[in-house]
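Down below is the structure, laid out as structure tokens.
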Amino acid sequence: MITRNRAAGALRTLDRLAELPERPPVVVVDNGDDPAVTSALRAHRIGARVLQPGRNTGALGRNLAVRHATTPYVAFSDDDSWWGSGSLRRAADLLDTYPHLGLLAARSLVGPDEREDPLNDLLAHSPLPPEPGLPGRPVLGFLGCACVVRRQAYLEVGGYHPLLFFGAEETLLAYDLAAAGWGVSYDPSVTAHHHPDPGARPGRTALLRRNALLTAWLRRPAHVALRHTLELGIATFLREDGAATALRGALARAPRAVRQRRRLPARTEQRVRVLERHARATRKGLSRAAERGTAV
């Protein structure tokens with residue numbers, strides 16, 4: 001679990017994890033700077049190992065946690081999410097059964113009323129064809145606080161990329177796992193509960209747009225990365241939400257992205273394009289449906 005100066009949420013998550021029949025060993029990365037929070041985390045009855053990097057490491061705190069983990073599989077939580085009863089056992093069974101499975105994406109239920117996260121439907125209807133030796137649906141995306149990884153696979157590809165820090169960082173990890181020959185699958189029999197704070201999250205849109213562009217520069221063909229850059233430039237000209245901040249952030253990181261650039265293998269790139277075509281077709285269908293509804 002990663003947390004930053006949110007004692008109430010972090011302790012609630014530890015309470016829920018302590019209630020699981022599996023009672024997993026827990027590693028907490030405390031990205032904050034409040035000694036009282038750290039003390040409360042260490043005093044919790046679950047007996048978590050609390051790591052203090054001394055700065056806000058963002059999503060990279062998960063890399064630190066995995067390096068310190070001693071189990072073959074690692075399930076991620078944030079300080080606003082936890083695992084459903086029996087889900088960790090189910091995930092471990094699937095990872096035991098399918099040795100080429102590198103990451104298992106779980107079904108996420110949101111809030112006290114346990115609404116289906118919209119991502120669940122996208123993952124469940126992934127257009128990628130079924131793969132022998134993998135459970136569920138093959139995917140190239142997941143929710144960071146609702147996944148279980150094979151520690152070996154995660155460390156092999158380097159975990160989350162430091163250039164992204166936080167925000168839509170999951171896509172690049174999914175690409176890297178697939179490029180290295182590891183399976184990424186969605187199985188709704190594994191469930192996570194996510195209770196994010198209500199209200200807007202200032203700056204998040206810019207982070208998502210910035211990291212989507214950086215991901216393209218890090219792994220996609222040059223013409224694809226250039227197209228994404230042009231699209232963000234147009235969005236900036238049109239003053240779309242977060243576009244200018246995203247473009248400035250991406251350009252500041254562009255030299256490092258170019259130096260660290262590593263093209264996806266042809267098979268993985270082809271799978272990414274299948275997903276992109278499916279997403280475009282879906283958006284077009286929704287747009288037409290909306291137009292028909294307006295006309296009526």
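Within each chain, counting starts at residue 1; across the structure tokens, chains are named A, B, ... in the order shown, with ligands numbered 1 upward in that order.
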- Task: Determine, counting only C-alpha atoms, which protein, DNA and RNA residues have an atom within 9 Å of an atom of His68 of chain A; residues of the same chain fewer than 4 positions away are not included. Present the result as a ChimeraX atom specification.
- Result: /A:27,63-64
- Message: List as an MDAnalysis selection string the protein and nucleic acid residues near Arg137 of chain A, meaning an atom at most 8 Å away when only C-alpha atoms are counted, but skip any in the same chain fewer than 2 places from it.
- Response: chainID A and resid 123:126 128:130 135 139 185:187
- Message: So that I can check the surroundings of Arg62 of chain A, please list as JSON, numbers by chain every protein, DNA and RNA residue that reaches within 8 Å of it, counting only C-alpha atoms and ignoring chain neighbours fewer than 3 positions away.
- Response: {"A": [1, 2, 29, 59, 65, 66, 76, 159, 160]}
Would you export the selected residues with N, CA and C atoms as a PDB file, in the first residue's frame, please?
ATOM      1  N   MET A   1       0.843  -1.186   0.000  1.00  0.00           N
ATOM      2  CA  MET A   1       0.000   0.000   0.000  1.00  0.00           C
ATOM      3  C   MET A   1       0.882   1.240   0.000  1.00  0.00           C
ATOM      4  N   ILE A   2       0.483   2.234  -0.797  1.00  0.00           N
ATOM      5  CA  ILE A   2       1.158   3.525  -0.742  1.00  0.00           C
ATOM      6  C   ILE A   2       0.188   4.540  -0.143  1.00  0.00           C
ATOM      7  N   VAL A  29       4.265   1.853   1.989  1.00  0.00           N
ATOM      8  CA  VAL A  29       5.215   2.914   1.647  1.00  0.00           C
ATOM      9  C   VAL A  29       4.586   4.236   2.049  1.00  0.00           C
ATOM     10  N   ALA A  59       3.655   6.860  -7.635  1.00  0.00           N
ATOM     11  CA  ALA A  59       3.417   5.446  -7.937  1.00  0.00           C
ATOM     12  C   ALA A  59       4.689   4.615  -7.817  1.00  0.00           C
ATOM     13  N   ALA A  65       8.054  -1.101  -2.654  1.00  0.00           N
ATOM     14  CA  ALA A  65       7.355  -2.137  -1.897  1.00  0.00           C
ATOM     15  C   ALA A  65       7.616  -3.518  -2.471  1.00  0.00           C
ATOM     16  N   VAL A  66       7.585  -3.632  -3.783  1.00  0.00           N
ATOM     17  CA  VAL A  66       7.799  -4.950  -4.400  1.00  0.00           C
ATOM     18  C   VAL A  66       9.214  -5.445  -4.141  1.00  0.00           C
ATOM     19  N   PHE A  76      -1.711  -4.897  -4.887  1.00  0.00           N
ATOM     20  CA  PHE A  76      -1.580  -3.482  -4.571  1.00  0.00           C
ATOM     21  C   PHE A  76      -2.872  -2.914  -3.995  1.00  0.00           C
ATOM     22  N   GLY A 159       9.016  -2.473 -13.191  1.00  0.00           N
ATOM     23  CA  GLY A 159       7.883  -1.865 -12.501  1.00  0.00           C
ATOM     24  C   GLY A 159       7.416  -0.590 -13.187  1.00  0.00           C
ATOM     25  N   TYR A 160       6.897   0.336 -12.388  1.00  0.00           N
ATOM     26  CA  TYR A 160       6.407   1.597 -12.932  1.00  0.00           C
ATOM     27  C   TYR A 160       7.575   2.473 -13.364  1.00  0.00           C
TER      28      TYR A 160
END
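Among the candidate residues A:Glu231, A:Asp176, A:Glu131, A:Glu114, the one lying nearest to Thr191 of chain A is A:Glu114, with distances computed using only C-alpha atoms.
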- Exercise: segment 161-168 of chain A partners within 6 Å, only C-alpha atoms, chain neighbours under 5 positions left out, as a list in words: Gly58, Ala59, Leu207, Leu208 and Asn211 of chain A
If you count only C-alpha atoms, which residues fall within 6 Å of segment 241-244 of chain A, apart from same-chain ones fewer than 3 positions away, as a CSV table (one decimal) with N, CA and C atoms, in the first residue's frame?
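Writing the result to around-v1.csv gives the following:
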chain,number,residue,atom,x,y,z
A,205,THR,N,-6.4,15.7,-14.7
A,205,THR,CA,-6.5,15.7,-16.2
A,205,THR,C,-5.2,15.9,-16.9
A,206,ALA,N,-4.5,17.0,-16.4
A,206,ALA,CA,-3.2,17.3,-17.0
A,206,ALA,C,-2.2,16.2,-16.9
A,235,ALA,N,-5.2,20.6,-28.9
A,235,ALA,CA,-6.1,20.7,-27.6
A,235,ALA,C,-5.6,21.9,-26.8
A,236,THR,N,-4.3,22.2,-26.8
A,236,THR,CA,-3.8,23.4,-26.1
A,236,THR,C,-4.3,24.6,-26.8
A,247,LEU,N,1.1,19.6,-22.0
A,247,LEU,CA,2.1,19.7,-23.1
A,247,LEU,C,3.4,20.3,-22.5
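With distances restricted to only C-alpha atoms, A:Ala174 is the closest residue to Gly158 of chain A from A:Leu213, A:Leu238, A:Ala174, A:Leu51.
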- Task: Identify, on the basis of only C-alpha atoms, every residue whose closest approach to Ala257 of chain A does not exceed 7 Å; exclude the query and any residue fewer than 5 positions from it along the same chain; express the result as an MDAnalysis selection string.
- Result: chainID A and resid 214 217:218
- Coordinates-based distance that separates atom CA of Arg150 of chain A from atom CA of Val190 of chain A (Å, one decimal):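 It comes out at 15.1 Å.
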- Message: When you look at Asn56 of chain A with a cut-off of 9 Å (counting only C-alpha atoms), what residues show up, excluding the ones that are within fewer than 5 positions of it in the same chain? I need them as a list in words.
- Response: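 Listed by chain and then number, they are Arg4, Asp30, Asn31, Gly32, Asp33 and Gly61 of chain A.
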Given the selection you just returned, output its residues as a file containing N, CA and C atoms, formatted as a PDB file, in the first residue's frame.
ATOM      1  N   ARG A   4      -0.003   8.862   1.604  1.00  0.00           N
ATOM      2  CA  ARG A   4       0.679  10.142   1.821  1.00  0.00           C
ATOM      3  C   ARG A   4      -0.197  11.061   2.664  1.00  0.00           C
ATOM      4  N   ASP A  30       5.183   4.887   3.042  1.00  0.00           N
ATOM      5  CA  ASP A  30       4.680   6.153   3.572  1.00  0.00           C
ATOM      6  C   ASP A  30       5.355   7.288   2.808  1.00  0.00           C
ATOM      7  N   ASN A  31       4.653   7.834   1.822  1.00  0.00           N
ATOM      8  CA  ASN A  31       5.195   8.918   1.000  1.00  0.00           C
ATOM      9  C   ASN A  31       5.090  10.278   1.672  1.00  0.00           C
ATOM     10  N   GLY A  32       4.496  10.325   2.852  1.00  0.00           N
ATOM     11  CA  GLY A  32       4.244  11.597   3.505  1.00  0.00           C
ATOM     12  C   GLY A  32       5.364  12.055   4.416  1.00  0.00           C
ATOM     13  N   ASP A  33       5.070  13.115   5.161  1.00  0.00           N
ATOM     14  CA  ASP A  33       6.070  13.715   6.036  1.00  0.00           C
ATOM     15  C   ASP A  33       5.504  13.986   7.427  1.00  0.00           C
ATOM     16  N   GLY A  61       6.458   4.331  -5.397  1.00  0.00           N
ATOM     17  CA  GLY A  61       6.484   3.663  -4.103  1.00  0.00           C
ATOM     18  C   GLY A  61       6.149   2.188  -4.231  1.00  0.00           C
TER      19      GLY A  61
END
- Item | Residues of segment 71-215 of chain A in strand (DSSP E), written as number ranges by chain | A: 73-75, 81-83, 101-110, 115-116, 137-138, 147-150, 183-194
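Going from atom CA of Leu17 of chain A over to atom CA of Pro99 of chain A, you cover 26.0 Å.
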- Using only C-alpha atoms, pick whichever of A:Leu104, A:Leu95, A:Ala192, A:Ile234 has the shortest atom-to-atom distance to Arg16 of chain A.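 Of A:Leu104, A:Leu95, A:Ala192, A:Ile234, the one nearest Arg16 of chain A, counting only C-alpha atoms, is A:Ala192.
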- Query: What are the DSSP alpha helix (DSSP H) residues of segment 16-165 of chain A, as a ChimeraX atom specification?
  - Reply: /A:16-18,35-43,61-68,87-97,118-124,151-157
- Query: Any idea what the distance is between atom CA of Thr229 of chain A and atom CA of Ala279 of chain A?
  - Reply: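 Calculated distance between atom CA of Thr229 of chain A and atom CA of Ala279 of chain A is 18.8 Å.
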